[in-house]
>>> print(open('input_7.cif').read())   # mmCIF, C-alpha atoms
data_my_file
#
loop_
_atom_site.label_atom_id
_atom_site.label_comp_id
_atom_site.auth_asym_id
_atom_site.auth_seq_id
_atom_site.Cartn_x
_atom_site.Cartn_y
_atom_site.Cartn_z
CA MET A 451 -31.67 -29.49 10.77
CA ALA A 452 -34.62 -28.49 8.60
CA VAL A 453 -33.32 -30.62 5.73
CA GLY A 454 -31.60 -33.49 7.51
CA SER A 455 -34.52 -34.17 9.84
CA GLN A 456 -36.88 -34.80 6.92
CA PRO A 457 -36.58 -38.29 5.41
CA ALA A 458 -38.90 -37.16 2.60
CA ILE A 459 -36.10 -34.81 1.49
CA VAL A 460 -32.97 -36.79 2.31
CA VAL A 461 -33.94 -40.25 1.03
CA PRO A 462 -35.09 -39.22 -2.49
CA ALA A 463 -32.11 -36.87 -2.79
CA LEU A 464 -29.66 -39.63 -1.90
CA LEU A 465 -31.34 -42.02 -4.35
CA LEU A 466 -30.78 -39.44 -7.07
CA VAL A 467 -27.00 -39.84 -6.74
CA PRO A 468 -26.77 -43.48 -7.95
CA ALA A 469 -29.62 -42.87 -10.41
CA ALA A 470 -27.74 -39.96 -12.00
CA TRP A 471 -24.46 -41.89 -12.07
CA PHE A 472 -26.02 -44.97 -13.67
CA GLY A 473 -27.74 -42.73 -16.20
CA LEU A 474 -24.45 -41.09 -17.18
CA VAL A 475 -22.76 -44.51 -17.45
CA ALA A 476 -25.61 -45.75 -19.65
CA MET A 477 -24.97 -42.81 -21.98
CA GLY A 478 -21.31 -43.77 -22.24
CA LEU A 479 -19.50 -41.90 -19.46
CA GLN A 480 -16.46 -43.81 -18.17
CA GLY A 481 -15.54 -41.77 -15.11
CA PRO A 482 -13.96 -40.54 -13.02
CA PRO A 483 -16.33 -41.57 -10.20
CA GLY A 484 -15.02 -38.72 -8.05
CA ARG A 485 -17.29 -36.40 -10.00
CA MET A 486 -20.22 -37.87 -8.10
CA VAL A 487 -19.47 -35.34 -5.36
CA ALA A 488 -21.21 -32.73 -7.55
CA LEU A 489 -24.29 -34.70 -8.59
CA LEU A 490 -26.42 -32.79 -6.07
CA ALA A 491 -24.39 -29.58 -6.09
CA LEU A 492 -26.08 -26.21 -6.43
CA PRO A 493 -25.66 -24.18 -9.62
CA PRO A 494 -23.28 -23.11 -11.02
CA VAL A 495 -20.97 -25.70 -9.42
CA SER A 496 -23.27 -28.42 -10.72
CA THR A 497 -23.39 -26.66 -14.09
CA TYR A 498 -19.61 -26.81 -14.29
CA PHE A 499 -19.61 -30.57 -13.78
CA ASP A 500 -22.58 -31.04 -16.11
CA SER A 501 -20.57 -29.28 -18.81
CA LEU A 502 -17.56 -31.52 -18.15
CA ASN A 503 -19.70 -34.65 -18.40
CA ALA A 504 -21.47 -33.42 -21.54
CA VAL A 505 -18.16 -32.60 -23.25
CA ALA A 506 -16.76 -36.00 -22.21
CA LEU A 507 -19.77 -37.70 -23.80
CA LEU A 508 -20.22 -35.64 -26.95
CA GLY A 509 -17.02 -33.68 -27.42
CA PHE A 510 -16.63 -29.96 -27.95
CA PRO A 511 -18.66 -27.86 -28.82
CA ALA A 512 -21.61 -30.28 -28.95
CA GLY A 513 -21.16 -30.94 -25.24
CA LEU A 514 -21.85 -27.31 -24.38
CA TRP A 515 -25.19 -27.47 -26.18
CA ALA A 516 -25.98 -30.75 -24.41
CA ALA A 517 -25.35 -29.01 -21.09
CA VAL A 518 -28.51 -26.92 -21.66
CA PRO A 519 -31.02 -29.78 -21.18
CA MET A 520 -28.92 -30.97 -18.24
CA VAL A 521 -29.30 -27.53 -16.66
CA LEU A 522 -33.07 -27.60 -17.22
CA ALA A 523 -33.42 -31.09 -15.71
CA ARG A 524 -31.26 -30.14 -12.74
CA ALA A 525 -33.33 -26.97 -12.26
CA LEU A 526 -36.46 -29.11 -11.90
CA VAL A 527 -34.81 -31.26 -9.22
CA LEU A 528 -33.48 -28.18 -7.42
CA ALA A 529 -36.88 -26.46 -7.55
CA LEU A 530 -38.66 -29.47 -6.05
CA LEU A 531 -36.05 -29.88 -3.30
CA THR A 532 -36.25 -26.16 -2.53
CA GLY A 533 -40.03 -26.35 -2.29
CA LEU A 534 -39.77 -29.15 0.26
CA THR A 535 -37.00 -27.34 2.14
CA VAL A 536 -38.95 -24.09 2.39
CA GLU A 537 -42.01 -25.99 3.61
CA SER A 538 -39.87 -27.69 6.26
CA LEU A 539 -38.53 -24.31 7.41
CA GLU A 540 -42.01 -22.81 7.52
CA ALA A 541 -44.05 -25.62 9.04
CA GLY A 542 -41.60 -28.24 10.27
CA ARG A 543 -43.02 -30.84 7.87
CA VAL A 544 -43.10 -31.58 4.16
CA GLY A 545 -45.81 -32.71 1.78
CA LEU A 546 -47.34 -32.33 -1.64
CA ALA A 547 -47.77 -28.59 -1.15
CA GLY A 548 -43.99 -28.14 -1.13
CA LEU A 549 -43.68 -30.12 -4.36
CA ARG A 550 -46.36 -28.00 -6.02
CA ARG A 551 -44.63 -24.79 -4.94
CA GLY A 552 -41.33 -26.13 -6.22
CA LEU A 553 -42.87 -27.06 -9.56
CA ARG A 554 -44.24 -23.53 -9.97
CA ALA A 555 -40.77 -22.17 -9.24
CA TRP A 556 -39.10 -24.26 -11.95
CA PRO A 557 -39.12 -21.56 -14.71
CA THR A 558 -37.30 -19.10 -12.45
CA VAL A 559 -34.78 -21.71 -11.30
CA ALA A 560 -34.23 -22.80 -14.90
CA LEU A 561 -33.55 -19.24 -16.08
CA ALA A 562 -31.13 -18.69 -13.18
CA GLY A 563 -29.29 -21.87 -14.19
CA LEU A 564 -29.09 -20.79 -17.82
CA LEU A 565 -27.80 -17.35 -16.81
CA GLY A 566 -25.14 -19.05 -14.70
CA LEU A 567 -24.19 -21.25 -17.67
CA GLY A 568 -23.95 -18.19 -19.90
CA LEU A 569 -21.72 -16.46 -17.36
CA MET A 570 -19.42 -19.50 -17.32
CA VAL A 571 -19.26 -19.71 -21.13
CA LEU A 572 -18.47 -16.00 -21.33
CA GLY A 573 -15.74 -16.42 -18.74
CA SER A 574 -14.23 -19.41 -20.56
CA ALA A 575 -13.95 -17.27 -23.70
CA ILE A 576 -12.31 -14.28 -22.00
CA LEU A 577 -10.31 -15.61 -19.05
CA PRO A 578 -7.67 -17.59 -21.05
CA PHE A 579 -6.28 -14.26 -22.28
CA LEU A 580 -5.35 -13.40 -18.67
CA GLY A 581 -2.84 -16.24 -18.42
CA PRO A 582 -2.96 -19.44 -16.37
CA GLY A 583 -2.73 -17.82 -12.92
CA PHE A 584 -5.22 -14.98 -13.31
CA GLY A 585 -7.37 -17.12 -15.59
CA PHE A 586 -7.78 -19.80 -12.91
CA LEU A 587 -8.54 -17.17 -10.27
CA GLY A 588 -11.05 -15.58 -12.61
CA SER A 589 -12.81 -18.90 -13.22
CA ILE A 590 -13.25 -19.41 -9.47
CA LEU A 591 -14.53 -15.85 -9.03
CA THR A 592 -16.96 -16.44 -11.91
CA LEU A 593 -18.49 -19.35 -10.01
CA VAL A 594 -18.63 -17.26 -6.83
CA ALA A 595 -20.31 -14.42 -8.73
CA ALA A 596 -22.96 -16.76 -10.14
CA VAL A 597 -23.71 -18.20 -6.68
CA PHE A 598 -23.80 -14.66 -5.29
CA LEU A 599 -26.24 -13.38 -7.92
CA PHE A 600 -28.55 -16.39 -8.32
CA GLY A 601 -28.20 -18.32 -5.04
CA TYR A 602 -31.44 -16.88 -3.65
CA ALA A 603 -33.47 -17.39 -6.83
CA PRO A 604 -34.92 -20.86 -5.99
CA ALA A 605 -36.13 -19.87 -2.52
CA ALA A 606 -37.38 -16.49 -3.78
CA ALA A 607 -39.42 -18.22 -6.49
CA VAL A 608 -40.87 -20.78 -4.07
CA ARG A 609 -41.77 -18.16 -1.46
CA GLY A 610 -42.82 -15.31 -3.70
CA GLY A 611 -44.26 -16.40 -7.00
CA ARG A 612 -44.06 -12.79 -8.15
CA GLY A 613 -42.92 -13.71 -11.64
CA ILE A 614 -39.58 -14.76 -13.08
CA ARG A 615 -38.16 -11.29 -13.53
CA GLU A 616 -39.24 -9.99 -10.13
CA ASP A 617 -38.04 -13.07 -8.24
CA LEU A 618 -34.61 -12.84 -9.86
CA ARG A 619 -34.42 -9.11 -9.19
CA LEU A 620 -35.35 -9.46 -5.54
CA GLY A 621 -32.90 -12.34 -5.11
CA MET A 622 -30.05 -10.21 -6.44
CA ARG A 623 -31.18 -7.27 -4.36
CA ALA A 624 -31.12 -9.41 -1.21
CA ALA A 625 -27.64 -10.63 -2.14
CA MET A 626 -26.41 -7.04 -2.19
CA MET A 627 -27.89 -6.02 1.16
CA PRO A 628 -25.24 -4.37 3.36
CA GLY A 629 -24.05 -6.52 6.21
CA SER A 630 -25.53 -9.77 4.88
CA ARG A 631 -22.09 -11.31 4.17
CA HIS A 632 -23.69 -13.13 1.29
CA PHE A 633 -20.55 -12.86 -0.82
CA LEU A 634 -18.51 -14.59 1.89
CA PHE A 635 -21.14 -17.30 2.19
CA SER A 636 -21.13 -17.81 -1.58
CA MET A 637 -17.35 -18.04 -1.53
CA LEU A 638 -17.55 -20.58 1.30
CA TYR A 639 -19.88 -22.80 -0.70
CA VAL A 640 -17.68 -22.70 -3.80
CA PHE A 641 -14.58 -23.45 -1.72
CA VAL A 642 -16.24 -26.39 0.07
CA SER A 643 -17.85 -27.88 -3.03
CA LEU A 644 -14.88 -27.51 -5.39
CA PRO A 645 -11.33 -27.43 -3.96
CA LEU A 646 -12.15 -29.22 -0.71
CA MET A 647 -14.62 -31.89 -1.82
CA VAL A 648 -13.00 -32.58 -5.19
CA ALA A 649 -9.45 -32.71 -3.80
CA LEU A 650 -10.46 -35.24 -1.15
CA ALA A 651 -12.75 -37.31 -3.38
CA PRO A 652 -11.69 -40.95 -3.80
CA GLU A 653 -11.07 -42.05 -7.39
CA GLY A 654 -11.02 -38.46 -8.51
CA SER A 655 -8.94 -39.28 -11.58
CA THR A 656 -9.66 -43.00 -12.04
CA ILE A 657 -11.36 -43.98 -15.28
CA THR A 658 -13.89 -46.65 -14.31
CA VAL A 659 -17.64 -47.23 -14.26
CA ASN A 660 -17.55 -49.22 -11.00
CA PRO A 661 -16.93 -46.88 -8.06
CA ALA A 662 -15.47 -48.34 -4.90
CA PHE A 663 -17.49 -48.56 -1.69
CA GLY A 664 -15.60 -45.64 -0.19
CA THR A 665 -16.41 -43.51 -3.20
CA TRP A 666 -20.12 -44.20 -2.79
CA VAL A 667 -19.99 -43.28 0.89
CA TYR A 668 -18.10 -40.08 0.14
CA ALA A 669 -20.51 -39.13 -2.68
CA LEU A 670 -23.57 -39.62 -0.46
CA ALA A 671 -21.97 -37.62 2.35
CA ALA A 672 -21.22 -34.85 -0.16
CA ALA A 673 -24.87 -34.89 -1.23
CA VAL A 674 -25.92 -34.28 2.38
CA VAL A 675 -23.54 -31.31 2.54
CA HIS A 676 -25.08 -29.84 -0.62
CA LEU A 677 -28.55 -30.28 0.87
CA GLY A 678 -27.38 -28.46 3.98
CA PHE A 679 -26.22 -25.50 1.91
CA LEU A 680 -29.55 -25.54 0.04
CA GLY A 681 -31.31 -25.24 3.39
CA ALA A 682 -28.93 -22.46 4.44
CA PHE A 683 -29.62 -20.41 1.30
CA ALA A 684 -33.37 -20.86 1.81
CA PHE A 685 -33.10 -19.85 5.49
CA ARG A 686 -31.01 -16.78 4.65
CA TRP A 687 -33.52 -15.72 2.00
CA MET A 688 -36.40 -16.05 4.45
CA ALA A 689 -34.47 -13.82 6.87
CA ALA A 690 -33.76 -11.20 4.20
CA GLU A 691 -37.16 -11.22 2.49
CA PRO A 692 -39.04 -9.08 5.07
CA LEU A 693 -36.35 -6.40 4.77
CA LEU A 694 -36.89 -5.93 1.04
CA PRO A 695 -39.40 -3.36 -0.23
CA GLU A 696 -42.40 -4.75 -2.02
CA PRO A 697 -42.44 -4.03 -5.78
CA ALA A 698 -44.59 -1.05 -6.68
CA ALA A 699 -47.79 -1.91 -8.48
CA ARG A 700 -47.85 -0.74 -12.08
CA ALA A 701 -50.77 1.33 -13.25
CA PRO A 702 -52.60 0.24 -16.42
CA ARG A 703 -51.07 1.70 -19.56
CA GLY A 704 -54.15 3.65 -20.55
CA ARG A 705 -54.54 5.20 -17.10
CA ALA A 706 -50.87 6.12 -17.05
CA ARG A 707 -51.20 7.95 -20.37
CA GLY A 708 -54.25 9.79 -19.10
CA ALA A 709 -52.38 10.88 -16.01
CA GLY A 710 -49.56 12.17 -18.16
CA ARG A 711 -51.94 14.36 -20.07
#
>>> encode(input="input_7.cif", output="structure tokens")
Amino acid sequence: MAVGSQPAIVVPALLLVPAAWFGLVAMGLQGPPGRMVALLALPPVSTYFDSLNAVALLGFPAGLWAAVPMVLARALVLALLTGLTVESLEAGRVGLAGLRRGLRAWPTVALAGLLGLGLMVLGSAILPFLGPGFGFLGSILTLVAAVFLFGYAPAAAVRGGRGIREDLRLGMRAAMMPGSRHFLFSMLYVFVSLPLMVALAPEGSTITVNPAFGTWVYALAAAVVHLGFLGAFAFRWMAAEPLLPEPAARAPRGRARGAGR
């Protein structure tokens, strides 16, 4: 409700879907259009599809390097959307203040995206040795682990502004709180955004640059689902944040040495 009731969030987000698709087509991508279901996905699900698109455009391994600027650009979009979402949850409205808070959170969101990409690359190098069955299961669990560890990072950075390291640390600490069921929620998001959405996506294996009308409708509906999960992660972080201890203030180095003497 906090996201879907705000046209200032939904309309620009939905416009990003065709803009991103036309941009990929302009760079030479020829499909499949079913991948549009992940154009507004949260990392690392979006990172997975960004890597697929980059490899399709540039080949391997150049595509993996090209995924890095894609992750940084996506982190900026995610940070701005999170800033607006948090403002909607706090005040019931959105404005320039939410965009400014999101922009300040971009470095933290970018680092979380790069860490998720690194976790995926590490998994792709190790998991094939486990065989096709365990390797596939491991790849899914790798995505779940990245959502679990870094899913709170955007909202933590928007709300806290404590610094990149501290925001990431508190986000992971909140994820590990007993009774939060954050792992199950992370698994739910990965299941909805990958097996469910992708399996049902029209033209999921068709090579074309002209998606059908049904594909556009499905892609925009999927974008709304991703926005809903973004709002859910922000809401869950705001519920967990008061339960976390504030970081202890560090004494100046000179004073600390004097105390030791």
>>> residues_around(input="input_7.cif", residues="Gly654 in chain A", least_positions_apart="6", cutoff="9 Å", atoms="all atoms listed in the file", output="count of residues only")
6
>>> closest_residue(input="input_7.cif", among="A:Leu528, A:Leu489, A:Leu577, A:Ala624", to="Ala562 in chain A", atoms="all atoms listed in the file")
A:Leu528
>>> atom_distance(input="input_7.cif", atom1="CA of Ala547 in chain A", atom2="CA of Leu534 in chain A")
8.1 Å
>>> closest_residue(input="input_7.cif", among="A:Val608, A:Val453, A:Leu526, A:Val518", to="Leu565 in chain A", atoms="only C-alpha atoms")
A:Val518
>>> resolve_selection(input="input_7.cif", expression="the PyMOL selection byres ((chain A and resi 457) around 12)", output="list of chain:residue names")
A:Met451, A:Ala452, A:Val453, A:Gly454, A:Ser455, A:Gln456, A:Ala458, A:Ile459, A:Val460, A:Val461, A:Pro462, A:Ala463, A:Leu464, A:Leu465, A:Leu534, A:Thr535, A:Ser538, A:Arg543, A:Val544, A:Gly545, A:Val674
>>> atom_distance(input="input_7.cif", atom1="CA of Ala672 in chain A", atom2="CA of Leu514 in chain A")
25.4 Å
>>> atom_distance(input="input_7.cif", atom1="CA of Ala575 in chain A", atom2="CA of Gly563 in chain A")
18.6 Å
>>> resolve_selection(input="input_7.cif", expression="the PyMOL selection byres ((chain A and resi 635) around 10)", output="ChimeraX atom specification")
/A:594,597-598,630-634,636-641,679,682-683
>>> closest_residue(input="input_7.cif", among="A:Leu474, A:Ala596, A:Ala689, A:Ala606", to="Met627 in chain A", atoms="all atoms listed in the file")
A:Ala689
>>> resolve_selection(input="input_7.cif", expression="the PyMOL selection byres ((chain A and resi 659-666) around 8)", output="compact mmCIF listing (two decimals) with C-alpha atoms, in the frame of the given file")
# COMPACT_ATOMS: atom_id res chain seq x y z
CA VAL A 475 -22.76 -44.51 -17.45
CA LEU A 479 -19.50 -41.90 -19.46
CA GLN A 480 -16.46 -43.81 -18.17
CA GLY A 481 -15.54 -41.77 -15.11
CA PRO A 482 -13.96 -40.54 -13.02
CA PRO A 483 -16.33 -41.57 -10.20
CA GLY A 484 -15.02 -38.72 -8.05
CA ALA A 651 -12.75 -37.31 -3.38
CA PRO A 652 -11.69 -40.95 -3.80
CA GLU A 653 -11.07 -42.05 -7.39
CA ILE A 657 -11.36 -43.98 -15.28
CA THR A 658 -13.89 -46.65 -14.31
CA VAL A 667 -19.99 -43.28 0.89
CA TYR A 668 -18.10 -40.08 0.14
CA ALA A 669 -20.51 -39.13 -2.68
CA LEU A 670 -23.57 -39.62 -0.46
>>> residues_around(input="input_7.cif", residues="Trp515 in chain A", least_positions_apart="6", cutoff="12 Å", atoms="all atoms listed in the file", output="mmCIF file with C-alpha atoms, keeping the file's coordinate frame")
data_model
loop_
_atom_site.group_PDB
_atom_site.id
_atom_site.type_symbol
_atom_site.label_atom_id
_atom_site.label_comp_id
_atom_site.auth_asym_id
_atom_site.auth_seq_id
_atom_site.Cartn_x
_atom_site.Cartn_y
_atom_site.Cartn_z
ATOM 1 C CA ASP A 500 -22.580 -31.040 -16.110
ATOM 2 C CA SER A 501 -20.570 -29.280 -18.810
ATOM 3 C CA LEU A 502 -17.560 -31.520 -18.150
ATOM 4 C CA ASN A 503 -19.700 -34.650 -18.400
ATOM 5 C CA ALA A 504 -21.470 -33.420 -21.540
ATOM 6 C CA VAL A 505 -18.160 -32.600 -23.250
ATOM 7 C CA LEU A 507 -19.770 -37.700 -23.800
ATOM 8 C CA LEU A 508 -20.220 -35.640 -26.950
ATOM 9 C CA GLY A 509 -17.020 -33.680 -27.420
ATOM 10 C CA VAL A 521 -29.300 -27.530 -16.660
ATOM 11 C CA LEU A 522 -33.070 -27.600 -17.220
ATOM 12 C CA LEU A 564 -29.090 -20.790 -17.820
ATOM 13 C CA LEU A 567 -24.190 -21.250 -17.670
ATOM 14 C CA GLY A 568 -23.950 -18.190 -19.900
ATOM 15 C CA VAL A 571 -19.260 -19.710 -21.130
#
>>> build_atoms(input="input_7.cif", residues="range 464-486 of chain A", atoms="N, CA and C atoms", output="compact mmCIF listing (two decimals), keeping the file's coordinate frame")
# COMPACT_ATOMS: atom_id res chain seq x y z
N LEU A 464 -30.76 -38.68 -1.87
CA LEU A 464 -29.66 -39.63 -1.90
C LEU A 464 -29.85 -40.68 -2.99
N LEU A 465 -31.09 -41.06 -3.27
CA LEU A 465 -31.34 -42.02 -4.35
C LEU A 465 -31.04 -41.42 -5.71
N LEU A 466 -31.10 -40.09 -5.80
CA LEU A 466 -30.78 -39.44 -7.07
C LEU A 466 -29.30 -39.60 -7.44
N VAL A 467 -28.43 -39.74 -6.45
CA VAL A 467 -27.00 -39.84 -6.74
C VAL A 467 -26.69 -41.09 -7.55
N PRO A 468 -27.04 -42.31 -7.09
CA PRO A 468 -26.77 -43.48 -7.95
C PRO A 468 -27.58 -43.46 -9.23
N ALA A 469 -28.81 -42.92 -9.19
CA ALA A 469 -29.62 -42.87 -10.41
C ALA A 469 -28.94 -42.00 -11.47
N ALA A 470 -28.42 -40.84 -11.05
CA ALA A 470 -27.74 -39.96 -12.00
C ALA A 470 -26.46 -40.59 -12.53
N TRP A 471 -25.70 -41.26 -11.63
CA TRP A 471 -24.46 -41.89 -12.07
C TRP A 471 -24.72 -43.02 -13.06
N PHE A 472 -25.70 -43.87 -12.76
CA PHE A 472 -26.02 -44.97 -13.67
C PHE A 472 -26.54 -44.44 -15.00
N GLY A 473 -27.28 -43.33 -14.95
CA GLY A 473 -27.74 -42.73 -16.20
C GLY A 473 -26.60 -42.22 -17.06
N LEU A 474 -25.60 -41.57 -16.43
CA LEU A 474 -24.45 -41.09 -17.18
C LEU A 474 -23.64 -42.25 -17.75
N VAL A 475 -23.48 -43.33 -16.96
CA VAL A 475 -22.76 -44.51 -17.45
C VAL A 475 -23.50 -45.13 -18.62
N ALA A 476 -24.83 -45.19 -18.55
CA ALA A 476 -25.61 -45.75 -19.65
C ALA A 476 -25.45 -44.95 -20.93
N MET A 477 -25.20 -43.64 -20.79
CA MET A 477 -24.97 -42.81 -21.98
C MET A 477 -23.55 -42.90 -22.51
N GLY A 478 -22.66 -43.57 -21.75
CA GLY A 478 -21.31 -43.77 -22.24
C GLY A 478 -20.20 -43.15 -21.42
N LEU A 479 -20.53 -42.51 -20.30
CA LEU A 479 -19.50 -41.90 -19.46
C LEU A 479 -18.67 -42.99 -18.78
N GLN A 480 -17.35 -42.82 -18.75
CA GLN A 480 -16.46 -43.81 -18.17
C GLN A 480 -15.69 -43.28 -16.96
N GLY A 481 -16.19 -42.28 -16.31
CA GLY A 481 -15.54 -41.77 -15.11
C GLY A 481 -15.02 -40.36 -15.31
N PRO A 482 -14.29 -39.89 -14.29
CA PRO A 482 -13.96 -40.54 -13.02
C PRO A 482 -15.12 -40.51 -12.03
N PRO A 483 -15.23 -41.54 -11.18
CA PRO A 483 -16.33 -41.57 -10.20
C PRO A 483 -16.28 -40.44 -9.19
N GLY A 484 -15.11 -39.81 -9.00
CA GLY A 484 -15.02 -38.72 -8.05
C GLY A 484 -15.93 -37.55 -8.38
N ARG A 485 -16.39 -37.48 -9.63
CA ARG A 485 -17.29 -36.40 -10.00
C ARG A 485 -18.66 -36.54 -9.36
N MET A 486 -18.93 -37.70 -8.76
CA MET A 486 -20.22 -37.87 -8.10
C MET A 486 -20.41 -36.90 -6.95
